[in-house]
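Since the structure comes first, as C-alpha cells, the remarks are kept for the end.
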Amino acid sequence: VEWHLVKPYEDILYHKTDGIAKITINRPHKRNAFRPKTVVELYDAFSNAREDSRIGVIFLTGAGPHTDGKYAFCAGGDQSVRGHGGYMDEEGTPRLNVLDLQRLIRSLPKVVIALVAGYAIGGGHVLHMLCDLTIAADNAIFGQTGPKVGSFDGGFGASYMARIVGQKKAREIWYLCRQYTAEQALEMGLVNCVVAIEQLEAEGIQWAGEILEKSPIAIRCLKAAFNADCDGQAGLQELAGNATLLYYMTEEGSEGKQAFLEKRSPDFRKYPWLP
Ligand code: 2NE
C-alpha cells in the first residue's frame, strides 16, 4: 500500500492509506517510551483518525529497529522526564496524560490494531492491551515493570488485564514483572496472532481489509458493547450513544425534530409499537 504523511509531528509519524490510519511512535532511541509531548501528539492523531469518516481501522505501532538493531512497540512512560508528581511536560507541569489517550483508544468507534514488534513494556504494554486487536511479531516481548520502577497502573492496566488473562496471570504479570515472549502472550490471549517480523504490517493490512468490508455501524456497536461490559456507566453511555445515533437516522426519530421546527404537534401514530 502507499502511505501518505498526514502531518508532521516531533515524536510520532502519522500516515493514512485507503481506510487505514497508521500512528507510529517515533522515539526508537528510547525504545519508543512516551513523554507528555508524545502523548499530546498521539491524542491529536487518534482524534484526527476518529473524525475522518473514510478511516475504519487505526494501526498503533513503534518505529524501528533502532541503530542497535532492536525493535520496540513502546517502553512506557519516559523515566528520564519523571519528576515529582508525574511526567514533566516542557513547561514543567507533571502529567499522566496517557490515561486520556487510553480512554480515547478504547472509546473511539473504529478498530484499533496494535502492531507490536519488540518491547511492549510498562505503559506501552497497557496501550497494546487497550487496542481492539494485537498482532505480534515473533520478536515481541511483553511485560509490566511498574513495581520495579516505582509506578503502577491500577486502572485499565490492572483490571482490564485481568479480564483478558484472568486474575492469577494478571497478578503474576504485575507482581513479578517478568517478560513474556510472543508465543506466551498468544497462549494467554494477550495477542491475536504472531507472525514473522517481516510480515507484521502486511498481516495488519490483511486484517484491516477484512474488517473494512464489514458494516461500520455493526462494528461500532460491537466495540461499544464489548466496552460496556467492563466500563460501567461510561460504557453504557457509549453504547446508548450508538442507539441515539441509529434513532436519529430513522423517520420516527426525525418526526419529533421536524414537528418542533414546523411548530406543530409530532405525529408518532404511524409508527408501530414493535414486539
Ligand atoms: C524496554 C527495555 C526492557 C529494553 O531493554 P534493552 O536492554 O533492550 O534497552 P535499554 O538499554 O534498557 O534501553 C535503550 C535506551 O532506551 C532508554 C534506555 O534508557 C536506553 O537509553 P540510553 O542508555 O541508550 O541513553 N529507555 C528504554 N525505556 C525507557 C523508558 N521507559 N524511559 C526512558 N528511557 C528508556 C528496557 O529499556 C526497560 O526496561 N525500559 C524501562 C521500561 C519501564 O520501566 N517503563 C516505565 C513503566 S511505568 C509506565 O510506563 C506507566 C505506568 O506504570 C503508569 C501509567 C503510565 C505509565
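For the C-alpha cells, the naming scheme is as follows: chains receive sequential letters (A, B, ...) according to their order of presentation, residues are indexed from 1 within each chain, and ligands are indexed from 1 in presentation order.
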Please produce, as a tab-separated table, a per-residue contact table for stretch 3-58 of chain A versus stretch 87-98 of chain A (criterion: any atom at most 8 Å away, only C-alpha atoms considered), showing the nearest atom pair and its distance in Å to one decimal, sorted by chain then residue number.
```
residue	atom	partner	partner_atom	distance
A:Arg35	CA	A:Tyr87	CA	6.8
A:Pro36	CA	A:Asp89	CA	5.4
A:Lys37	CA	A:Asp89	CA	6.6
A:Val39	CA	A:Val98	CA	6.0
A:Val40	CA	A:Asn97	CA	7.7
```
Based on the selection just made, write C-alpha atoms of those residues as a PDB file, in the first residue's frame.
```pdb
ATOM      1  CA  ARG A  35       6.891  11.728  27.204  1.00  0.00           C
ATOM      2  CA  PRO A  36       3.881  14.083  27.714  1.00  0.00           C
ATOM      3  CA  LYS A  37       4.501  15.652  24.300  1.00  0.00           C
ATOM      4  CA  VAL A  39       1.044  11.595  24.252  1.00  0.00           C
ATOM      5  CA  VAL A  40      -0.332  15.001  23.163  1.00  0.00           C
TER       6      VAL A  40
END
```
Set the cut-off to 6 Å, count only C-alpha atoms and all ligand atoms, and list whatever residues fall near ligand 1 as an MDAnalysis selection string.
chainID A and resid 29:31 33 75:80 119 121:123 145:146 149 151:153
Please write the residues from the selection above to a file, keeping all heavy atoms, as a tab-separated table (two decimals), in the first residue's frame.
```tsv
chain	number	residue	atom	x	y	z
A	29	HIS	N	15.28	5.60	19.96
A	29	HIS	CA	16.44	5.70	20.87
A	29	HIS	C	16.01	5.52	22.32
A	29	HIS	O	16.84	5.29	23.20
A	29	HIS	CB	17.13	7.07	20.69
A	29	HIS	CG	16.23	8.23	20.97
A	29	HIS	ND1	15.14	8.53	20.17
A	29	HIS	CD2	16.23	9.15	21.97
A	29	HIS	CE1	14.51	9.60	20.65
A	29	HIS	NE2	15.15	9.99	21.74
A	30	LYS	N	14.70	5.62	22.59
A	30	LYS	CA	14.16	5.43	23.95
A	30	LYS	C	13.27	4.19	23.99
A	30	LYS	O	12.38	4.10	24.83
A	30	LYS	CB	13.32	6.65	24.34
A	30	LYS	CG	14.08	7.95	24.49
A	30	LYS	CD	14.43	8.19	25.94
A	30	LYS	CE	15.06	9.56	26.13
A	30	LYS	NZ	15.50	9.76	27.50
A	31	ARG	N	13.47	3.28	23.03
A	31	ARG	CA	12.58	2.13	22.89
A	31	ARG	C	11.12	2.59	22.79
A	31	ARG	O	10.20	1.95	23.27
A	31	ARG	CB	12.74	1.14	24.05
A	31	ARG	CG	14.16	0.61	24.23
A	31	ARG	CD	14.48	-0.52	23.25
A	31	ARG	NE	15.79	-1.11	23.53
A	31	ARG	CZ	16.88	-0.92	22.77
A	31	ARG	NH1	16.84	-0.15	21.69
A	31	ARG	NH2	18.02	-1.51	23.08
A	33	ALA	N	9.60	4.95	24.30
A	33	ALA	CA	8.95	5.42	25.53
A	33	ALA	C	8.29	6.77	25.23
A	33	ALA	O	8.76	7.53	24.39
A	33	ALA	CB	9.98	5.57	26.64
A	75	ALA	N	8.04	1.40	25.31
A	75	ALA	CA	8.56	1.00	26.62
A	75	ALA	C	7.94	1.82	27.75
A	75	ALA	O	8.53	1.97	28.83
A	75	ALA	CB	10.09	1.12	26.65
A	76	GLY	N	6.74	2.36	27.52
A	76	GLY	CA	6.01	3.04	28.61
A	76	GLY	C	6.45	4.47	28.81
A	76	GLY	O	6.99	5.11	27.90
A	77	GLY	N	6.19	4.98	29.99
A	77	GLY	CA	6.50	6.37	30.29
A	77	GLY	C	8.00	6.61	30.31
A	77	GLY	O	8.76	5.77	30.78
A	78	ASP	N	8.41	7.76	29.77
A	78	ASP	CA	9.84	8.11	29.71
A	78	ASP	C	10.31	8.47	31.12
A	78	ASP	O	9.99	9.53	31.65
A	78	ASP	CB	10.03	9.30	28.74
A	78	ASP	CG	11.51	9.63	28.53
A	78	ASP	OD1	12.32	9.35	29.45
A	78	ASP	OD2	11.84	10.16	27.46
A	79	GLN	N	11.10	7.55	31.69
A	79	GLN	CA	11.52	7.73	33.09
A	79	GLN	C	12.46	8.92	33.26
A	79	GLN	O	12.58	9.46	34.36
A	79	GLN	CB	12.19	6.44	33.61
A	79	GLN	CG	11.27	5.23	33.59
A	79	GLN	CD	9.96	5.47	34.34
A	79	GLN	OE1	9.95	5.67	35.55
A	79	GLN	NE2	8.84	5.47	33.63
A	80	SER	N	13.08	9.34	32.17
A	80	SER	CA	14.04	10.46	32.31
A	80	SER	C	13.33	11.80	32.48
A	80	SER	O	13.97	12.78	32.85
A	80	SER	CB	14.99	10.49	31.10
A	80	SER	OG	14.28	10.83	29.93
A	119	TYR	N	9.77	-4.66	22.16
A	119	TYR	CA	9.25	-4.46	23.51
A	119	TYR	C	7.90	-3.74	23.58
A	119	TYR	O	7.75	-2.64	23.04
A	119	TYR	CB	10.26	-3.65	24.33
A	119	TYR	CG	11.54	-4.40	24.61
A	119	TYR	CD1	12.70	-4.12	23.91
A	119	TYR	CD2	11.57	-5.41	25.57
A	119	TYR	CE1	13.87	-4.84	24.15
A	119	TYR	CE2	12.74	-6.13	25.82
A	119	TYR	CZ	13.88	-5.84	25.11
A	119	TYR	OH	15.02	-6.53	25.35
A	121	ILE	N	6.25	-2.75	26.86
A	121	ILE	CA	6.59	-2.84	28.29
A	121	ILE	C	5.94	-1.69	29.06
A	121	ILE	O	5.83	-0.58	28.54
A	121	ILE	CB	8.15	-2.77	28.46
A	121	ILE	CG1	8.84	-3.96	27.76
A	121	ILE	CG2	8.55	-2.68	29.93
A	121	ILE	CD1	8.77	-5.29	28.48
A	122	GLY	N	5.56	-1.95	30.31
A	122	GLY	CA	5.02	-0.89	31.18
A	122	GLY	C	3.77	-0.26	30.56
A	122	GLY	O	2.87	-0.96	30.08
A	123	GLY	N	3.75	1.08	30.56
A	123	GLY	CA	2.61	1.79	29.97
A	123	GLY	C	2.44	1.48	28.49
A	123	GLY	O	1.35	1.65	27.94
A	145	THR	N	6.46	-3.29	34.36
A	145	THR	CA	7.64	-3.04	35.19
A	145	THR	C	7.32	-2.16	36.39
A	145	THR	O	8.20	-1.89	37.20
A	145	THR	CB	8.74	-2.30	34.40
A	145	THR	OG1	8.19	-1.04	33.97
A	145	THR	CG2	9.25	-3.06	33.22
A	146	GLY	N	6.09	-1.69	36.48
A	146	GLY	CA	5.72	-0.68	37.48
A	146	GLY	C	6.34	-0.89	38.86
A	146	GLY	O	7.10	-0.03	39.34
A	149	VAL	N	9.98	-0.02	38.96
A	149	VAL	CA	10.46	1.35	38.73
A	149	VAL	C	9.63	2.39	39.51
A	149	VAL	O	9.76	3.59	39.28
A	149	VAL	CB	10.45	1.72	37.21
A	149	VAL	CG1	11.40	0.83	36.44
A	149	VAL	CG2	9.04	1.65	36.60
A	151	SER	N	6.05	2.55	40.01
A	151	SER	CA	4.84	3.02	39.34
A	151	SER	C	3.84	1.86	39.28
A	151	SER	O	4.18	0.72	39.61
A	151	SER	CB	5.17	3.49	37.92
A	151	SER	OG	4.01	4.00	37.29
A	152	PHE	N	2.64	2.16	38.93
A	152	PHE	CA	1.65	1.11	38.66
A	152	PHE	C	0.48	1.73	37.92
A	152	PHE	O	0.27	2.93	37.98
A	152	PHE	CB	1.16	0.43	39.96
A	152	PHE	CG	0.46	1.36	40.92
A	152	PHE	CD1	-0.92	1.49	40.89
A	152	PHE	CD2	1.18	2.10	41.85
A	152	PHE	CE1	-1.58	2.34	41.76
A	152	PHE	CE2	0.54	2.96	42.73
A	152	PHE	CZ	-0.85	3.08	42.69
A	153	ASP	N	-0.24	0.90	37.19
A	153	ASP	CA	-1.46	1.34	36.52
A	153	ASP	C	-2.61	0.50	37.09
A	153	ASP	O	-2.84	-0.62	36.66
A	153	ASP	CB	-1.35	1.16	35.00
A	153	ASP	CG	-2.58	1.67	34.25
A	153	ASP	OD1	-3.66	1.80	34.89
A	153	ASP	OD2	-2.49	1.93	33.04
```
Best match for closeness to A:Asp100 among A:Gly209, A:Gly155, A:Gly64, A:Gly69, counting only C-alpha atoms
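Looking only at the distances to A:Asp100, the closest residue turns out to be A:Gly155.
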Can you tell me which residues surround A:Leu60 at a distance of at most 10 Å, considering only C-alpha atoms, apart from same-chain residues fewer than 6 positions away, and format the answer as a PDB file with N, CA and C atoms, in the first residue's frame?
```
ATOM      1  N   TYR A  14       2.517  10.023  11.351  1.00  0.00           N
ATOM      2  CA  TYR A  14       1.088   9.798  11.142  1.00  0.00           C
ATOM      3  C   TYR A  14       0.797   9.694   9.647  1.00  0.00           C
ATOM      4  N   ALA A  21      -5.548   4.363   9.051  1.00  0.00           N
ATOM      5  CA  ALA A  21      -4.594   5.354   9.558  1.00  0.00           C
ATOM      6  C   ALA A  21      -3.507   4.586  10.307  1.00  0.00           C
ATOM      7  N   LYS A  22      -2.269   5.060  10.188  1.00  0.00           N
ATOM      8  CA  LYS A  22      -1.162   4.396  10.901  1.00  0.00           C
ATOM      9  C   LYS A  22      -0.448   5.419  11.776  1.00  0.00           C
ATOM     10  N   ILE A  23      -0.425   5.152  13.076  1.00  0.00           N
ATOM     11  CA  ILE A  23       0.213   6.059  14.029  1.00  0.00           C
ATOM     12  C   ILE A  23       1.426   5.333  14.609  1.00  0.00           C
ATOM     13  N   THR A  24       2.585   5.945  14.432  1.00  0.00           N
ATOM     14  CA  THR A  24       3.839   5.280  14.794  1.00  0.00           C
ATOM     15  C   THR A  24       4.575   6.100  15.842  1.00  0.00           C
ATOM     16  N   ILE A  25       4.832   5.532  16.994  1.00  0.00           N
ATOM     17  CA  ILE A  25       5.639   6.233  17.995  1.00  0.00           C
ATOM     18  C   ILE A  25       7.076   6.219  17.477  1.00  0.00           C
ATOM     19  N   LEU A  42      -0.004  11.857  20.046  1.00  0.00           N
ATOM     20  CA  LEU A  42      -0.787  10.644  19.797  1.00  0.00           C
ATOM     21  C   LEU A  42      -2.284  10.957  19.907  1.00  0.00           C
ATOM     22  N   PHE A  46      -4.905  10.377  16.898  1.00  0.00           N
ATOM     23  CA  PHE A  46      -6.064   9.489  17.096  1.00  0.00           C
ATOM     24  C   PHE A  46      -7.364  10.274  16.912  1.00  0.00           C
ATOM     25  N   PHE A  73       7.785  -1.616  20.441  1.00  0.00           N
ATOM     26  CA  PHE A  73       6.455  -1.024  20.240  1.00  0.00           C
ATOM     27  C   PHE A  73       6.412   0.225  21.117  1.00  0.00           C
ATOM     28  N   ILE A 105      -8.512   5.674  22.859  1.00  0.00           N
ATOM     29  CA  ILE A 105      -8.328   4.461  22.057  1.00  0.00           C
ATOM     30  C   ILE A 105      -9.486   3.494  22.309  1.00  0.00           C
ATOM     31  N   VAL A 112      -8.982  -0.368  16.484  1.00  0.00           N
ATOM     32  CA  VAL A 112      -7.571  -0.018  16.679  1.00  0.00           C
ATOM     33  C   VAL A 112      -6.771  -1.317  16.798  1.00  0.00           C
ATOM     34  N   ILE A 113      -5.776  -1.442  15.948  1.00  0.00           N
ATOM     35  CA  ILE A 113      -4.940  -2.658  15.943  1.00  0.00           C
ATOM     36  C   ILE A 113      -3.518  -2.285  16.344  1.00  0.00           C
ATOM     37  N   ALA A 114      -3.008  -2.912  17.397  1.00  0.00           N
ATOM     38  CA  ALA A 114      -1.600  -2.728  17.777  1.00  0.00           C
ATOM     39  C   ALA A 114      -0.754  -3.683  16.940  1.00  0.00           C
ATOM     40  N   LEU A 115       0.264  -3.122  16.286  1.00  0.00           N
ATOM     41  CA  LEU A 115       1.244  -3.948  15.575  1.00  0.00           C
ATOM     42  C   LEU A 115       2.507  -3.909  16.415  1.00  0.00           C
ATOM     43  N   VAL A 116       2.794  -4.997  17.097  1.00  0.00           N
ATOM     44  CA  VAL A 116       3.855  -4.995  18.107  1.00  0.00           C
ATOM     45  C   VAL A 116       5.085  -5.757  17.621  1.00  0.00           C
ATOM     46  N   LEU A 127      -0.995   0.080  26.629  1.00  0.00           N
ATOM     47  CA  LEU A 127      -1.549   0.639  25.382  1.00  0.00           C
ATOM     48  C   LEU A 127      -1.939  -0.464  24.396  1.00  0.00           C
ATOM     49  N   HIS A 128      -1.063  -1.454  24.218  1.00  0.00           N
ATOM     50  CA  HIS A 128      -1.426  -2.531  23.254  1.00  0.00           C
ATOM     51  C   HIS A 128      -2.633  -3.308  23.773  1.00  0.00           C
ATOM     52  N   CYS A 131      -5.860  -1.667  22.787  1.00  0.00           N
ATOM     53  CA  CYS A 131      -6.245  -1.707  21.377  1.00  0.00           C
ATOM     54  C   CYS A 131      -7.215  -2.874  21.180  1.00  0.00           C
ATOM     55  N   THR A 134      -4.395  -7.162  18.753  1.00  0.00           N
ATOM     56  CA  THR A 134      -2.932  -7.035  18.728  1.00  0.00           C
ATOM     57  C   THR A 134      -2.354  -8.105  17.817  1.00  0.00           C
TER      58      THR A 134
END
```
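In this comparison, which uses only C-alpha atoms, the residue of A:Gly56, A:Gly157, A:Pro272, A:Gly143 approaching A:Ile173 most closely is A:Gly143.
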Counting only C-alpha atoms, what is within 12 Å of A:Glu251, bar same-chain residues fewer than 4 positions away, as an NGL selection string?
:A and (246-247 or 255-259 or 266-268 or 270-271)
Those in stretch 106-232 of chain A with strand (DSSP E) from DSSP, as a ChimeraX atom specification
/A:111-116,119-121,133-137,141-143,180-181,193-195
Hey, can you spit out that residue selection with N, CA and C atoms as a compact mmCIF listing (two decimals), in the first residue's frame?
```txt
# COMPACT_ATOMS: atom_id res chain seq x y z
N VAL A 111 -11.80 0.42 14.69
CA VAL A 111 -11.00 -0.70 15.20
C VAL A 111 -9.53 -0.28 15.29
N VAL A 112 -8.98 -0.37 16.48
CA VAL A 112 -7.57 -0.02 16.68
C VAL A 112 -6.77 -1.32 16.80
N ILE A 113 -5.78 -1.44 15.95
CA ILE A 113 -4.94 -2.66 15.94
C ILE A 113 -3.52 -2.28 16.34
N ALA A 114 -3.01 -2.91 17.40
CA ALA A 114 -1.60 -2.73 17.78
C ALA A 114 -0.75 -3.68 16.94
N LEU A 115 0.26 -3.12 16.29
CA LEU A 115 1.24 -3.95 15.58
C LEU A 115 2.51 -3.91 16.41
N VAL A 116 2.79 -5.00 17.10
CA VAL A 116 3.85 -4.99 18.11
C VAL A 116 5.08 -5.76 17.62
N TYR A 119 9.77 -4.66 22.16
CA TYR A 119 9.25 -4.46 23.51
C TYR A 119 7.90 -3.74 23.58
N ALA A 120 6.95 -4.36 24.27
CA ALA A 120 5.72 -3.67 24.70
C ALA A 120 5.74 -3.79 26.23
N ILE A 121 6.25 -2.75 26.86
CA ILE A 121 6.59 -2.84 28.29
C ILE A 121 5.94 -1.69 29.06
N LEU A 133 -7.35 -5.11 18.90
CA LEU A 133 -6.66 -6.32 18.47
C LEU A 133 -5.15 -6.09 18.56
N THR A 134 -4.39 -7.16 18.75
CA THR A 134 -2.93 -7.04 18.73
C THR A 134 -2.35 -8.10 17.82
N ILE A 135 -1.56 -7.65 16.86
CA ILE A 135 -0.80 -8.58 16.03
C ILE A 135 0.65 -8.44 16.46
N ALA A 136 1.24 -9.55 16.84
CA ALA A 136 2.61 -9.51 17.38
C ALA A 136 3.59 -10.08 16.37
N ALA A 137 4.76 -9.45 16.29
CA ALA A 137 5.86 -10.06 15.55
C ALA A 137 6.48 -11.13 16.45
N ILE A 141 8.11 -8.74 22.89
CA ILE A 141 8.32 -9.06 24.30
C ILE A 141 7.35 -8.21 25.12
N PHE A 142 6.63 -8.87 26.01
CA PHE A 142 5.55 -8.20 26.75
C PHE A 142 5.84 -8.22 28.24
N GLY A 143 5.41 -7.17 28.93
CA GLY A 143 5.52 -7.21 30.39
C GLY A 143 5.25 -5.88 31.04
N TYR A 180 7.56 -11.72 28.79
CA TYR A 180 6.92 -12.86 28.14
C TYR A 180 7.14 -12.78 26.63
N THR A 181 7.32 -13.94 26.02
CA THR A 181 7.51 -13.99 24.57
C THR A 181 6.17 -13.83 23.84
N CYS A 193 -2.51 -12.88 17.15
CA CYS A 193 -1.71 -13.81 16.36
C CYS A 193 -0.25 -13.36 16.38
N VAL A 194 0.61 -14.27 15.98
CA VAL A 194 2.05 -14.00 15.93
C VAL A 194 2.52 -14.28 14.51
N VAL A 195 3.26 -13.32 13.95
CA VAL A 195 3.76 -13.50 12.58
C VAL A 195 5.25 -13.14 12.53
```
Nearest to A:Lys16 by atom-to-atom distance, counting only C-alpha atoms, from A:Glu2, A:Asp68, A:Glu198, A:Glu172:
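Checking each candidate against A:Lys16, we get A:Glu2 as the closest.
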What's the 12 Å shell around stretch 233-236 of chain A, counting only C-alpha atoms, without same-chain residues fewer than 3 positions away, as a ChimeraX atom specification?
/A:103,106-108,221-230,239-243
